[in-house]
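S.K.: Just final05.cif, nothing more (mmCIF, C-alpha atoms):
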```cif
data_my_file
#
loop_
_atom_site.group_PDB
_atom_site.id
_atom_site.type_symbol
_atom_site.label_atom_id
_atom_site.label_comp_id
_atom_site.auth_asym_id
_atom_site.auth_seq_id
_atom_site.Cartn_x
_atom_site.Cartn_y
_atom_site.Cartn_z
ATOM 1 C CA MET U 4 -21.143 -5.273 26.266
ATOM 2 C CA TYR U 5 -19.846 -7.086 23.198
ATOM 3 C CA TYR U 6 -16.708 -7.135 21.105
ATOM 4 C CA VAL U 7 -16.160 -4.600 18.328
ATOM 5 C CA ALA U 8 -13.749 -4.618 15.406
ATOM 6 C CA GLU U 9 -10.385 -2.875 15.585
ATOM 7 C CA VAL U 10 -8.116 -2.343 12.583
ATOM 8 C CA ILE U 11 -4.387 -2.870 13.060
ATOM 9 C CA ASN U 12 -3.303 0.160 11.038
ATOM 10 C CA GLU U 13 0.277 -0.957 10.300
ATOM 11 C CA GLU U 14 -0.908 -4.282 8.892
ATOM 12 C CA CYS U 15 -3.865 -2.843 6.970
ATOM 13 C CA SER U 16 -1.816 -0.140 5.238
ATOM 14 C CA LYS U 17 0.498 -2.810 3.760
ATOM 15 C CA TYR U 18 -2.286 -4.123 1.509
ATOM 16 C CA ASN U 19 -4.567 -1.218 0.523
ATOM 17 C CA CYS U 20 -7.280 -3.720 -0.502
ATOM 18 C CA LYS U 21 -10.452 -2.206 1.085
ATOM 19 C CA GLN U 22 -12.173 -5.616 0.979
ATOM 20 C CA CYS U 23 -13.396 -5.462 4.584
ATOM 21 C CA THR U 24 -15.381 -2.300 3.839
ATOM 22 C CA LEU U 25 -17.298 -4.133 1.115
ATOM 23 C CA PHE U 26 -18.473 -6.911 3.442
ATOM 24 C CA CYS U 27 -19.449 -4.946 6.562
ATOM 25 C CA PRO U 28 -23.256 -5.237 6.862
ATOM 26 C CA GLU U 29 -23.640 -2.070 8.965
ATOM 27 C CA PRO U 30 -23.530 1.174 6.904
ATOM 28 C CA ASN U 31 -20.878 3.755 7.799
ATOM 29 C CA THR U 32 -19.152 1.459 10.278
ATOM 30 C CA LEU U 33 -16.057 0.096 8.572
ATOM 31 C CA MET U 34 -14.604 2.711 6.254
ATOM 32 C CA TYR U 35 -11.355 3.403 4.431
ATOM 33 C CA SER U 36 -9.130 6.453 4.779
ATOM 34 C CA ASP U 37 -7.407 7.220 1.472
ATOM 35 C CA GLY U 38 -5.076 9.669 3.199
ATOM 36 C CA ASP U 39 -3.880 7.188 5.819
ATOM 37 C CA HIS U 40 -4.171 4.124 3.523
ATOM 38 C CA HIS U 41 -5.980 1.909 6.030
ATOM 39 C CA ALA U 42 -9.495 1.019 7.134
ATOM 40 C CA TYR U 43 -10.987 2.317 10.374
ATOM 41 C CA VAL U 44 -13.983 1.376 12.521
ATOM 42 C CA ASN U 45 -16.703 3.606 13.931
ATOM 43 C CA THR U 46 -16.926 1.598 17.176
ATOM 44 C CA ASP U 47 -20.228 3.217 18.165
ATOM 45 C CA ARG U 48 -21.862 1.597 15.123
ATOM 46 C CA CYS U 49 -20.059 -1.776 15.128
ATOM 47 C CA LYS U 50 -22.385 -4.638 16.088
ATOM 48 C CA GLY U 51 -19.617 -7.182 16.678
ATOM 49 C CA CYS U 52 -20.525 -9.599 13.885
ATOM 50 C CA ALA U 53 -16.814 -10.204 13.064
ATOM 51 C CA LEU U 54 -17.507 -10.608 9.349
ATOM 52 C CA CYS U 55 -14.643 -8.204 8.618
ATOM 53 C CA VAL U 56 -12.277 -10.366 10.685
ATOM 54 C CA TYR U 57 -13.364 -13.436 8.722
ATOM 55 C CA VAL U 58 -12.771 -11.698 5.385
ATOM 56 C CA CYS U 59 -9.412 -10.204 6.390
ATOM 57 C CA SER U 60 -7.966 -13.091 8.381
ATOM 58 C CA THR U 61 -9.512 -16.285 7.043
ATOM 59 C CA LEU U 62 -10.175 -15.470 3.390
ATOM 60 C CA LEU U 63 -7.375 -13.006 2.618
ATOM 61 C CA LYS U 64 -4.811 -14.185 5.241
ATOM 62 C CA ARG U 65 -3.913 -10.595 6.162
ATOM 63 C CA ASN U 66 -4.765 -10.511 9.884
ATOM 64 C CA ALA U 67 -5.254 -6.746 9.999
ATOM 65 C CA ILE U 68 -8.530 -6.704 11.982
ATOM 66 C CA ARG U 69 -9.269 -8.115 15.429
ATOM 67 C CA MET U 70 -12.149 -8.062 17.878
ATOM 68 C CA VAL U 71 -11.696 -6.149 21.162
ATOM 69 C CA MET U 72 -13.867 -5.081 24.068
ATOM 70 C CA PRO U 73 -14.773 -1.366 23.775
ATOM 71 C CA GLU U 74 -13.150 -0.516 27.143
ATOM 72 C CA VAL U 75 -9.882 -2.060 26.003
ATOM 73 C CA HIS U 76 -10.080 -0.099 22.750
ATOM 74 C CA ALA U 77 -10.734 3.197 24.574
ATOM 75 C CA GLY U 78 -7.748 2.658 26.845
ATOM 76 C CA LYS U 79 -5.223 2.527 23.982
#
```
Could you rewrite the structure in this file as structure tokens?
M.R.:
Amino acid sequence: MYYVAEVINEECSKYNCKQCTLFCPEPNTLMYSDGDHHAYVNTDRCKGCALCVYVCSTLLKRNAIRMVMPEVHAGK
């Protein structure tokens, strides 16, 4: 098992930037919901590369995505 990305919805919706979706290398994994105004992750497709975390946290200083174990994510 490996870590997958998880979007922190409250933080993500503050910015409405959609930058993480542009950098995700796996198609149809990290997408943006215009209705909810935040990104979301298809955890079944996420490969755990953490590129989205790097873009969001390190480059943009927004800290709206984190890596979690899938069991932890399912329990929320």
S.K.: Using only C-alpha atoms, which of the listed residues (U:Ile68, U:Asn45, U:His40, U:Ala53) sits closest to Tyr18 of chain U?
M.R.: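 Smallest distance to Tyr18 of chain U is found for U:His40.
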S.K.: Select, from U:Tyr5, U:Asn66, U:Asn12, U:Val56, the residue with the minimum atom-to-atom distance to Thr24 of chain U, counting all atoms listed in the file.
M.R.: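 Distance minimum relative to Thr24 of chain U lands on U:Val56.
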S.K.: At what distance in Å, to one decimal, does atom CA of Lys21 of chain U lie from atom CA of Tyr35 of chain U?
M.R.: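 One can read the atom CA of Tyr35 of chain U to atom CA of Lys21 of chain U distance as 6.6 Å.
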S.K.: Tell me, in Å to one decimal, how far atom CA of Phe26 of chain U is from atom CA of Val71 of chain U.
M.R.: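 Separation of atom CA of Phe26 of chain U and atom CA of Val71 of chain U: 19.0 Å.
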S.K.: Rank nothing, just name the residue among U:Glu13, U:Leu33, U:Met4, U:Cys20 nearest to Cys55 of chain U, using all atoms listed in the file.
M.R.: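 Ranking U:Glu13, U:Leu33, U:Met4, U:Cys20 by distance to Cys55 of chain U, first place goes to U:Leu33.
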S.K.: Quick one: distance from atom CA of Lys50 of chain U to atom CA of Arg69 of chain U in Å, one decimal?
M.R.: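 Between atom CA of Lys50 of chain U and atom CA of Arg69 of chain U the gap works out to 13.6 Å.
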S.K.: Calculate, to one decimal in Å, the centre and edge lengths of the box along x, y and z of the file that holds all listed atoms of segment 39-53 of chain U with 6 Å of margin on each side, and present them as lines of an AutoDock Vina configuration file.
M.R.:
```
center_x = -13.1
center_y = -1.5
center_z = 10.8
size_x = 30.5
size_y = 29.4
size_z = 26.6
```
S.K.: Of the residues U:Val7, U:Val58, U:Cys15, U:Met72, which is the one nearest to His41 of chain U, using only C-alpha atoms?
M.R.: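 Under the stated criterion, the closest residue is U:Cys15.
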S.K.: Skipping near chain neighbours, those fewer than 5 positions away, what residues fall within 9 Å of Cys52 of chain U using all atoms listed in the file, listed as an NGL selection string?
M.R.: :U and (6-8 or 27-28)
S.K.: For Leu54 of chain U, which residue among U:Pro73, U:Asp39, U:Leu25, U:Met34 is the nearest when counting only C-alpha atoms?
M.R.: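 So, comparing all the options, the nearest one is U:Leu25.
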S.K.: Smallest atom-to-atom distance to Glu9 of chain U: which of U:Ser36, U:Pro30, U:Gly51, U:Leu63, using all atoms listed in the file?
M.R.: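 Using all atoms listed in the file, Glu9 of chain U sits closest to U:Gly51.
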